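S.K.: I'm passing along start_10.csv; it holds CSV, C-alpha atoms and all ligand atoms.
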```
chain,number,residue,atom,x,y,z
A,349,MET,CA,90.2,113.4,56.9
A,350,PHE,CA,92.3,111.1,54.8
A,351,SER,CA,92.7,108.5,57.5
A,352,LEU,CA,89.0,108.7,58.2
A,353,ARG,CA,88.1,108.1,54.6
A,354,PHE,CA,90.6,105.4,54.4
A,355,ALA,CA,89.0,103.7,57.4
A,356,THR,CA,85.6,104.0,55.7
A,357,ARG,CA,86.9,102.3,52.6
A,358,LEU,CA,88.4,99.5,54.6
A,359,ALA,CA,85.1,99.1,56.3
A,360,LEU,CA,83.3,99.0,52.9
A,361,ALA,CA,85.9,96.5,51.5
A,362,ALA,CA,85.2,94.3,54.5
A,363,LEU,CA,81.5,94.6,53.9
A,364,PHE,CA,82.0,93.7,50.2
A,365,PHE,CA,83.9,90.5,51.1
A,366,ALA,CA,81.4,89.6,53.8
A,367,THR,CA,78.4,90.1,51.5
A,368,PRO,CA,78.1,86.6,49.8
A,369,ALA,CA,78.0,84.8,53.2
A,370,ALA,CA,75.7,87.4,54.7
A,371,ALA,CA,73.3,87.1,51.7
A,372,GLN,CA,73.0,83.3,52.2
A,373,SER,CA,71.8,83.3,55.8
A,374,TRP,CA,69.8,85.6,57.9
A,375,PRO,CA,71.1,85.6,61.4
A,376,THR,CA,68.3,87.6,63.0
A,377,THR,CA,65.5,84.9,62.8
A,378,ASP,CA,66.1,84.0,66.4
A,379,TRP,CA,65.7,86.5,69.2
A,380,THR,CA,65.5,86.6,73.0
A,381,ILE,CA,64.0,89.6,74.8
A,382,VAL,CA,65.3,90.8,78.2
A,383,ARG,CA,65.0,93.8,80.4
A,384,GLU,CA,67.5,96.7,80.0
A,385,ASP,CA,68.3,96.6,83.7
A,386,GLY,CA,68.8,92.9,83.9
A,387,GLU,CA,65.9,92.3,86.2
A,388,PRO,CA,63.3,89.5,85.5
A,389,LEU,CA,60.5,90.4,83.2
A,390,THR,CA,57.2,91.2,84.9
A,391,THR,CA,54.1,89.2,83.8
A,392,ASP,CA,53.1,92.1,81.6
A,393,GLN,CA,56.5,92.5,80.1
A,394,GLN,CA,56.5,88.7,79.3
A,395,GLN,CA,53.6,89.4,77.1
A,396,GLY,CA,55.6,92.3,75.5
A,397,ALA,CA,58.6,90.0,75.0
A,398,ARG,CA,56.5,87.4,73.2
A,399,PHE,CA,55.1,90.2,70.9
A,400,TYR,CA,58.5,91.6,70.2
A,401,ARG,CA,60.1,88.3,69.5
A,402,GLN,CA,57.4,87.2,67.2
A,403,GLN,CA,57.6,90.4,65.3
A,404,LEU,CA,61.4,90.5,64.9
A,405,GLU,CA,61.6,86.9,63.8
A,406,ASP,CA,58.6,87.2,61.4
A,407,ALA,CA,59.9,90.5,60.0
A,408,SER,CA,63.3,89.0,59.4
A,409,ARG,CA,61.9,86.1,57.5
A,410,TRP,CA,59.7,88.5,55.5
A,411,TYR,CA,62.6,90.9,54.6
A,412,GLN,CA,64.7,87.8,53.6
A,413,ALA,CA,61.8,86.6,51.3
A,414,ALA,CA,61.7,90.1,49.7
A,415,GLY,CA,65.3,89.6,48.7
A,416,PHE,CA,67.1,92.0,51.0
A,417,ARG,CA,70.6,91.5,52.3
A,418,ALA,CA,70.9,90.3,55.9
A,419,PRO,CA,70.8,93.2,58.4
A,420,ARG,CA,74.1,94.7,59.5
A,421,MET,CA,73.7,94.1,63.3
A,422,ILE,CA,76.5,94.2,65.7
A,423,ARG,CA,76.3,92.1,68.8
A,424,GLU,CA,77.1,93.5,72.2
A,425,ASN,CA,78.3,90.8,74.5
A,426,GLU,CA,76.9,87.6,73.0
A,427,THR,CA,78.9,86.1,70.1
A,428,SER,CA,76.4,83.4,69.1
A,429,GLY,CA,72.9,82.3,69.8
A,430,PRO,CA,69.8,84.5,69.5
A,431,TYR,CA,70.0,88.3,69.0
A,432,VAL,CA,69.0,90.2,72.1
A,433,GLY,CA,66.4,92.9,72.4
A,434,TYR,CA,66.3,95.0,75.5
A,435,ILE,CA,63.0,96.3,76.9
A,436,SER,CA,63.6,99.8,78.0
A,437,THR,CA,63.2,100.9,81.6
A,438,ASP,CA,61.5,104.1,80.2
A,439,THR,CA,57.8,103.3,80.4
A,440,THR,CA,56.7,106.5,78.8
A,441,SER,CA,58.2,106.4,75.3
A,442,LEU,CA,56.6,104.3,72.5
A,443,GLY,CA,59.7,104.3,70.3
A,444,ALA,CA,62.1,101.5,69.6
A,445,VAL,CA,65.8,102.4,68.9
A,446,TYR,CA,68.6,100.6,67.3
A,447,ARG,CA,71.3,102.8,68.8
A,448,ASN,CA,74.0,103.8,66.4
A,449,GLU,CA,71.8,102.3,63.8
A,450,ARG,CA,73.8,103.6,60.9
A,451,GLY,CA,77.0,101.8,61.9
A,452,GLU,CA,80.3,102.8,63.2
A,453,TYR,CA,81.7,104.8,60.4
A,454,SER,CA,80.9,108.2,59.0
A,455,ASP,CA,82.4,110.4,56.3
A,456,ALA,CA,81.3,113.4,58.4
A,457,TRP,CA,84.0,113.9,61.0
A,458,LEU,CA,81.6,115.5,63.5
A,459,ASP,CA,79.3,112.5,63.4
A,460,TRP,CA,82.1,110.1,63.7
A,461,ALA,CA,83.5,112.0,66.7
A,462,ILE,CA,80.1,112.1,68.4
A,463,GLU,CA,79.4,108.4,67.8
A,464,ASN,CA,82.8,107.4,69.2
A,465,ILE,CA,82.4,109.6,72.3
A,466,VAL,CA,78.9,108.0,72.9
A,467,ASP,CA,80.4,104.6,72.4
A,468,TYR,CA,83.2,105.3,74.9
A,469,PHE,CA,80.7,106.0,77.7
A,470,ASN,CA,78.0,103.6,76.6
A,471,PRO,CA,79.5,100.8,74.4
A,472,GLY,CA,77.5,98.4,72.4
A,473,GLN,CA,74.8,98.6,69.8
A,474,ARG,CA,71.8,97.7,71.8
A,475,PHE,CA,68.4,97.1,70.2
A,476,TYR,CA,66.1,98.9,72.6
A,477,LEU,CA,62.4,98.1,72.6
A,478,SER,CA,59.8,100.3,74.1
A,479,GLY,CA,58.9,99.8,77.8
A,480,HIS,CA,55.5,101.4,77.3
A,481,ARG,CA,52.9,98.7,77.5
A,482,GLY,CA,50.9,100.4,74.7
A,483,ALA,CA,53.6,99.1,72.4
A,484,TRP,CA,52.5,95.5,72.9
A,485,THR,CA,48.9,96.1,74.0
A,486,PRO,CA,47.9,99.1,71.9
A,487,THR,CA,44.6,100.9,72.7
A,488,THR,CA,44.9,103.9,70.4
A,489,LYS,CA,45.6,104.5,66.7
A,490,TRP,CA,49.0,105.9,67.5
A,491,GLU,CA,50.1,103.1,69.8
A,492,THR,CA,49.1,100.6,67.1
A,493,THR,CA,51.3,102.2,64.6
A,494,MET,CA,54.2,102.5,67.0
A,495,SER,CA,53.8,98.9,68.1
A,496,TYR,CA,55.6,98.0,64.8
A,497,GLY,CA,58.6,100.1,65.6
A,498,PRO,CA,60.8,97.0,66.0
A,499,ALA,CA,60.2,96.1,62.3
A,500,HIS,CA,61.2,99.7,61.5
A,501,GLU,CA,64.4,99.5,63.5
A,502,LEU,CA,65.3,96.1,62.0
A,503,PHE,CA,64.9,97.6,58.5
A,504,HIS,CA,67.4,100.3,59.4
A,505,ALA,CA,69.9,97.5,60.0
A,506,VAL,CA,69.0,96.1,56.6
A,507,GLN,CA,69.6,99.6,55.0
A,508,ALA,CA,73.0,99.7,56.7
A,509,ALA,CA,74.0,96.5,55.0
A,510,TYR,CA,74.0,98.4,51.7
A,511,GLY,CA,76.0,101.3,53.1
A,512,ARG,CA,74.8,104.1,55.1
A,513,PRO,CA,74.6,107.9,54.5
A,514,SER,CA,76.8,110.0,56.6
A,515,GLY,CA,75.2,112.0,59.3
A,516,ALA,CA,73.0,111.3,62.3
A,517,PRO,CA,69.2,111.5,62.5
A,518,SER,CA,68.4,115.1,63.0
A,519,GLY,CA,65.8,117.3,64.5
A,520,SER,CA,65.7,119.1,61.1
A,521,MET,CA,63.6,116.1,59.8
A,522,CYS,CA,60.7,118.5,60.2
A,523,THR,CA,60.9,122.0,61.3
A,524,SER,CA,59.7,125.3,60.0
A,525,LEU,CA,63.0,125.5,58.2
A,526,GLY,CA,62.8,122.2,56.4
A,527,GLY,CA,65.5,119.6,55.8
A,528,GLN,CA,68.9,121.1,55.9
A,529,PRO,CA,72.1,120.3,53.9
A,530,GLY,CA,74.5,118.2,55.9
A,531,ILE,CA,73.4,116.3,59.0
A,532,GLY,CA,70.0,114.9,58.7
A,533,SER,CA,69.6,115.7,55.0
A,534,THR,CA,69.0,112.1,54.1
A,535,ASP,CA,66.4,111.5,56.7
A,536,TRP,CA,63.6,112.0,54.2
A,537,ALA,CA,64.8,108.8,52.5
A,538,TRP,CA,66.3,106.9,55.4
A,539,GLU,CA,63.4,107.4,57.7
A,540,GLY,CA,60.8,107.6,55.0
A,541,MET,CA,61.8,104.1,53.6
A,542,ALA,CA,61.9,102.5,57.1
A,543,SER,CA,58.5,104.0,57.9
A,544,ALA,CA,57.0,102.8,54.7
A,545,VAL,CA,58.3,99.3,55.4
A,546,GLN,CA,56.9,99.5,59.0
A,547,ILE,CA,53.5,100.4,57.6
A,548,ARG,CA,53.7,97.6,55.0
A,549,TYR,CA,54.5,95.2,57.9
A,550,LEU,CA,51.6,96.5,59.9
A,551,GLU,CA,49.4,95.7,57.0
A,552,ARG,CA,50.8,92.2,56.8
A,553,ALA,CA,50.6,91.5,60.5
A,554,ARG,CA,47.0,92.8,60.8
A,555,GLY,CA,45.6,91.9,57.4
A,556,VAL,CA,44.6,95.4,56.7
A,557,THR,CA,45.3,98.2,54.2
A,558,PHE,CA,46.7,101.4,55.6
A,559,GLU,CA,45.0,104.5,54.4
A,560,HIS,CA,46.3,108.0,53.8
A,561,PRO,CA,46.6,110.0,57.0
A,562,TYR,CA,44.2,112.7,55.7
A,563,LYS,CA,41.6,110.1,54.9
A,564,ASN,CA,40.6,109.3,58.5
A,565,PRO,CA,42.3,106.0,58.6
A,566,GLN,CA,42.0,103.4,61.4
A,567,PHE,CA,45.7,104.0,62.3
A,568,ALA,CA,47.6,107.1,62.9
A,569,ALA,CA,50.5,108.1,60.7
A,570,TRP,CA,53.3,110.6,60.2
A,571,THR,CA,52.4,113.3,57.9
A,572,ARG,CA,54.0,116.0,55.7
A,573,TYR,CA,53.0,118.4,53.0
A,574,PHE,CA,54.3,118.1,49.5
A,575,ASP,CA,54.3,121.9,48.7
A,576,HIS,CA,58.1,121.7,49.6
A,577,PRO,CA,60.7,119.6,47.7
A,578,VAL,CA,60.4,115.9,48.5
A,579,HIS,CA,63.9,115.9,50.0
A,580,GLN,CA,63.3,119.0,52.2
A,581,PRO,CA,60.1,118.3,54.2
A,582,ARG,CA,58.9,120.9,56.5
A,583,HIS,CA,55.7,122.2,58.1
A,584,SER,CA,53.4,124.3,56.0
A,585,LYS,CA,51.3,125.0,59.1
A,586,LEU,CA,51.3,124.0,62.7
A,587,PRO,CA,49.8,120.6,63.6
A,588,THR,CA,46.2,120.7,64.5
A,589,ASN,CA,45.3,117.1,64.7
A,590,SER,CA,46.6,115.1,67.7
A,591,THR,CA,46.1,111.8,65.9
A,592,LEU,CA,48.8,112.7,63.5
A,593,SER,CA,52.5,113.0,64.0
A,594,TRP,CA,54.4,115.7,62.2
A,595,TYR,CA,57.9,114.4,61.9
A,596,CYS,CA,58.1,115.0,58.2
A,597,GLY,CA,61.2,112.9,57.5
A,598,TYR,CA,59.1,110.0,58.6
A,599,GLY,CA,56.2,111.5,56.8
A,600,SER,CA,58.0,110.9,53.5
A,601,TRP,CA,56.8,107.3,53.9
A,602,TYR,CA,54.0,107.8,51.5
A,603,PHE,CA,56.4,108.6,48.7
A,604,TRP,CA,58.1,105.2,49.2
A,605,TYR,CA,54.8,103.5,49.8
A,606,ALA,CA,53.3,104.8,46.6
A,607,MET,CA,56.5,103.8,44.7
A,608,GLY,CA,55.9,100.3,46.0
A,609,ASP,CA,52.4,100.2,44.6
A,610,MET,CA,53.7,101.4,41.2
A,611,LEU,CA,56.6,99.0,41.0
A,612,GLY,CA,55.4,95.8,42.8
A,613,ASP,CA,52.4,93.4,42.7
A,614,THR,CA,53.0,91.3,45.8
A,615,PRO,CA,53.6,92.6,49.3
A,616,GLU,CA,57.2,91.4,49.1
A,617,GLU,CA,57.7,93.3,45.8
A,618,LYS,CA,56.2,96.4,47.3
A,619,ILE,CA,59.1,96.6,49.7
A,620,GLY,CA,61.6,94.5,47.8
A,621,PHE,CA,62.1,97.3,45.1
A,622,LEU,CA,64.0,99.3,47.8
A,623,GLN,CA,67.0,97.0,47.5
A,624,TYR,CA,67.6,98.5,44.0
A,625,VAL,CA,67.4,101.9,45.5
A,626,LEU,CA,69.8,101.1,48.4
A,627,SER,CA,72.3,99.4,46.2
A,628,ALA,CA,72.3,101.9,43.4
A,629,PRO,CA,75.6,103.5,42.4
A,630,GLY,CA,76.5,106.8,43.9
A,631,ASP,CA,76.7,108.3,47.3
A,632,TRP,CA,74.3,110.0,49.6
A,633,SER,CA,75.5,113.5,48.9
A,634,ASP,CA,72.9,116.0,47.7
A,635,TYR,CA,70.3,114.4,49.8
A,636,GLY,CA,70.9,111.1,48.0
A,637,ILE,CA,68.7,112.3,45.1
A,638,ALA,CA,71.0,111.1,42.2
A,639,LYS,CA,71.6,107.7,43.8
A,640,LEU,CA,67.9,107.1,44.6
A,641,ASP,CA,66.8,108.3,41.1
A,642,ALA,CA,69.2,105.7,39.6
A,643,GLY,CA,67.9,103.0,41.9
A,644,LEU,CA,64.2,103.7,41.0
A,645,ARG,CA,65.1,103.5,37.3
A,646,ARG,CA,66.7,100.1,37.9
A,647,ALA,CA,63.7,98.9,40.0
A,648,ALA,CA,61.4,99.8,37.1
A,649,GLN,CA,63.2,97.8,34.5
B,1,ZN,ZN,64.0,105.3,62.0
```
Show me, as structure tokens, the structure contained in the file I just sent.
Ligand SMILES: [Zn+2]

M.R.:
Amino acid sequence: MFSLRFATRLALAALFFATPAAAQSWPTTDWTIVREDGEPLTTDQQQGARFYRQQLEDASRWYQAAGFRAPRMIRENETSGPYVGYISTDTTSLGAVYRNERGEYSDAWLDWAIENIVDYFNPGQRFYLSGHRGAWTPTTKWETTMSYGPAHELFHAVQAAYGRPSGAPSGSMCTSLGGQPGIGSTDWAWEGMASAVQIRYLERARGVTFEHPYKNPQFAAWTRYFDHPVHQPRHSKLPTNSTLSWYCGYGSWYFWYAMGDMLGDTPEEKIGFLQYVLSAPGDWSDYGIAKLDAGLRRAAQ
């Protein structure tokens, strides 16, 4: 454990010294989109590639304008030039993934071990983009919301620039048991923030206002109930509405969205306050509550 923690501190020290340069330039304003399997893009996928590239470059400029640190993104094979996004060969999933999105280091030995085993067999930190054509030519409420998944994943890399919580995304984000201590316990904040930013980005890109999921909005949303602690989302009853998604860690987005309305006036301020939360002193133990409370106090000053 000692050597692991020491390695983590070394990584944090490196991040500290790297911060001034990283804050001055945003490296992810230039992207190129390819197929995961290396084959040429089909005509349809070329349309997807243009959509993804425009989104990632625009979202990068927007996050930069909101004052965030540059994302912590690790390149795979390329050492310069545009960042690379890979269109997945899976044409059924609408989700984008920044694999190993939380970085290389973890205070939790089990997560660290799993990440390193996965990296051994499948090295690199690829930014996967959905291969489902609904992600770039959405025809349903849910596809429209999910088409902004790349902006969500990019924000995870921004979060990581401030230091990440230990633990991996967990299926306990929303179960009948609720969020559990340990692995996944910070998902209400980590995923909730990224989903709030994704929805703010959708509003920006489409010139609309997103409405609450129970208000029959024009877009689908993740939902949760608040008759459980905010940091322990869980089902109160089984899903009954197929236009909603019940991943409650994501469903905590409206906590962070509402905070943005309270703390900011401009669209940039309504996401920019999160930098105070992410950079607040303290760690992510105890679901990150003390750290995030301190950050929200700072954002309000
Ligand atoms: Zn996420």

S.K.: For a quick check of understanding, using only C-alpha atoms, which of A:Arg481, A:Lys489, A:His504, A:Arg474 has the smallest distance to A:Ala569?

M.R.: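 Checking each candidate against A:Ala569, we get A:Lys489 as the closest.
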
S.K.: Restrict the calculation to all atoms listed in the file, then for each residue of chain A with any atom at most 9 Å from an atom of ligand ZN 1 (chain B) give the closest atom pair and their distance in Å to one decimal, rows by chain and rising residue number, as JSON lines.

M.R.:
```
{"residue": "A:Ala444", "atom": "CA", "partner": "B:ZN1", "partner_atom": "ZN", "distance": 8.7}
{"residue": "A:Val445", "atom": "CA", "partner": "B:ZN1", "partner_atom": "ZN", "distance": 7.7}
{"residue": "A:Tyr446", "atom": "CA", "partner": "B:ZN1", "partner_atom": "ZN", "distance": 8.4}
{"residue": "A:Glu449", "atom": "CA", "partner": "B:ZN1", "partner_atom": "ZN", "distance": 8.5}
{"residue": "A:Gly497", "atom": "CA", "partner": "B:ZN1", "partner_atom": "ZN", "distance": 8.3}
{"residue": "A:His500", "atom": "CA", "partner": "B:ZN1", "partner_atom": "ZN", "distance": 6.3}
{"residue": "A:Glu501", "atom": "CA", "partner": "B:ZN1", "partner_atom": "ZN", "distance": 6.0}
{"residue": "A:Phe503", "atom": "CA", "partner": "B:ZN1", "partner_atom": "ZN", "distance": 8.5}
{"residue": "A:His504", "atom": "CA", "partner": "B:ZN1", "partner_atom": "ZN", "distance": 6.6}
{"residue": "A:Pro517", "atom": "CA", "partner": "B:ZN1", "partner_atom": "ZN", "distance": 8.1}
{"residue": "A:Asp535", "atom": "CA", "partner": "B:ZN1", "partner_atom": "ZN", "distance": 8.5}
{"residue": "A:Trp538", "atom": "CA", "partner": "B:ZN1", "partner_atom": "ZN", "distance": 7.2}
{"residue": "A:Glu539", "atom": "CA", "partner": "B:ZN1", "partner_atom": "ZN", "distance": 4.8}
{"residue": "A:Gly540", "atom": "CA", "partner": "B:ZN1", "partner_atom": "ZN", "distance": 8.0}
{"residue": "A:Met541", "atom": "CA", "partner": "B:ZN1", "partner_atom": "ZN", "distance": 8.8}
{"residue": "A:Ala542", "atom": "CA", "partner": "B:ZN1", "partner_atom": "ZN", "distance": 6.0}
{"residue": "A:Ser543", "atom": "CA", "partner": "B:ZN1", "partner_atom": "ZN", "distance": 7.0}
{"residue": "A:Tyr598", "atom": "CA", "partner": "B:ZN1", "partner_atom": "ZN", "distance": 7.6}
```

S.K.: Using all atoms listed in the file, which of the listed residues (A:Lys563, A:Arg512, A:Arg417, A:Arg383) sits closest to A:Tyr624?

M.R.: A:Arg417

S.K.: If we count all atoms listed in the file and set the cut-off at 10 Å, which residues sit around A:Thr557, ignoring sequence neighbours fewer than 2 positions away in its own chain? Please answer as a list in words.

M.R.: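 The residues that qualify are Ile547, Arg548, Leu550, Glu551, Arg552, Arg554, Gly555, Glu559, His560, Pro565, Gln566 and Phe567 of chain A.
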
S.K.: Go through A:Trp536, A:Phe603, A:Trp490, A:Tyr496 and flag the residue nearest A:Ala553, using all atoms listed in the file for the distances.

M.R.: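 Closest to A:Ala553 of all the choices is A:Tyr496.
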
S.K.: Just the number, please: distance in Å from atom CA of A:Leu389 to atom CA of A:Met421, one decimal.

M.R.: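 Result for atom CA of A:Leu389 versus atom CA of A:Met421: 24.2 Å, one decimal.
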
S.K.: Using all atoms listed in the file, determine which residues lie at most 10 Å from A:Phe399, disregarding the query and same-chain residues fewer than 2 positions distant; provide the list as a VMD selection string.

M.R.: chain A and resid 381 393 to 397 401 to 404 483 to 485 495 to 496

S.K.: So the first atom is atom CA of A:Glu387 and the second is atom CA of A:Gly482; what is the distance between them in Å, to one decimal place?

M.R.: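 Distance between the two atoms: 20.6 Å.
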
S.K.: Would you mind reading off the distance between atom CA of A:Ala407 and atom CA of A:Thr380, one decimal, in Å?

M.R.: 14.7 Å

S.K.: Show me, as a list in words, the residues that have an atom within 9 Å of stretch 607-611 of chain A when counting all atoms listed in the file, minus same-chain residues fewer than 4 positions from it.

M.R.: Tyr602, Phe603, Pro615, Glu617, Lys618, Ile619, Gly620, Phe621, Leu622, Leu644, Ala647 and Ala648 of chain A

S.K.: Quick one: write out the picked residues with C-alpha atoms as a PDB file, in the coordinates of the input?

M.R.:
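For reference, selection.pdb as written:
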```pdb
ATOM      1  CA  TYR A 602      54.000 107.800  51.500  1.00  0.00           C
ATOM      2  CA  PHE A 603      56.400 108.600  48.700  1.00  0.00           C
ATOM      3  CA  PRO A 615      53.600  92.600  49.300  1.00  0.00           C
ATOM      4  CA  GLU A 617      57.700  93.300  45.800  1.00  0.00           C
ATOM      5  CA  LYS A 618      56.200  96.400  47.300  1.00  0.00           C
ATOM      6  CA  ILE A 619      59.100  96.600  49.700  1.00  0.00           C
ATOM      7  CA  GLY A 620      61.600  94.500  47.800  1.00  0.00           C
ATOM      8  CA  PHE A 621      62.100  97.300  45.100  1.00  0.00           C
ATOM      9  CA  LEU A 622      64.000  99.300  47.800  1.00  0.00           C
ATOM     10  CA  LEU A 644      64.200 103.700  41.000  1.00  0.00           C
ATOM     11  CA  ALA A 647      63.700  98.900  40.000  1.00  0.00           C
ATOM     12  CA  ALA A 648      61.400  99.800  37.100  1.00  0.00           C
TER      13      ALA A 648
END
```

S.K.: With only C-alpha atoms as the atoms that count, which of A:Tyr635, A:Phe475, A:Trp601, A:Tyr549 lies nearest to A:Phe574?

M.R.: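 The shortest atom-to-atom distance to A:Phe574 comes from A:Trp601.
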
S.K.: Counting all atoms listed in the file, figure out which residue out of A:Ala568, A:Ala414, A:Leu442, A:Ala628 gets nearest to A:Arg645.

M.R.: A:Ala628

S.K.: Between A:Gly429, A:Gly636, A:Gly597, A:Gly511, which residue has the minimum interatomic distance to A:Asp378, considering all atoms listed in the file?

M.R.: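 Of A:Gly429, A:Gly636, A:Gly597, A:Gly511, the one nearest A:Asp378 is A:Gly429, counting all atoms listed in the file.
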
S.K.: What's around A:Trp374 at 8 Å? Count only C-alpha atoms, leave out sequence neighbours fewer than 6 positions away in its own chain, and write the answer as a ChimeraX atom specification.

M.R.: /A:408-409,412,418-419
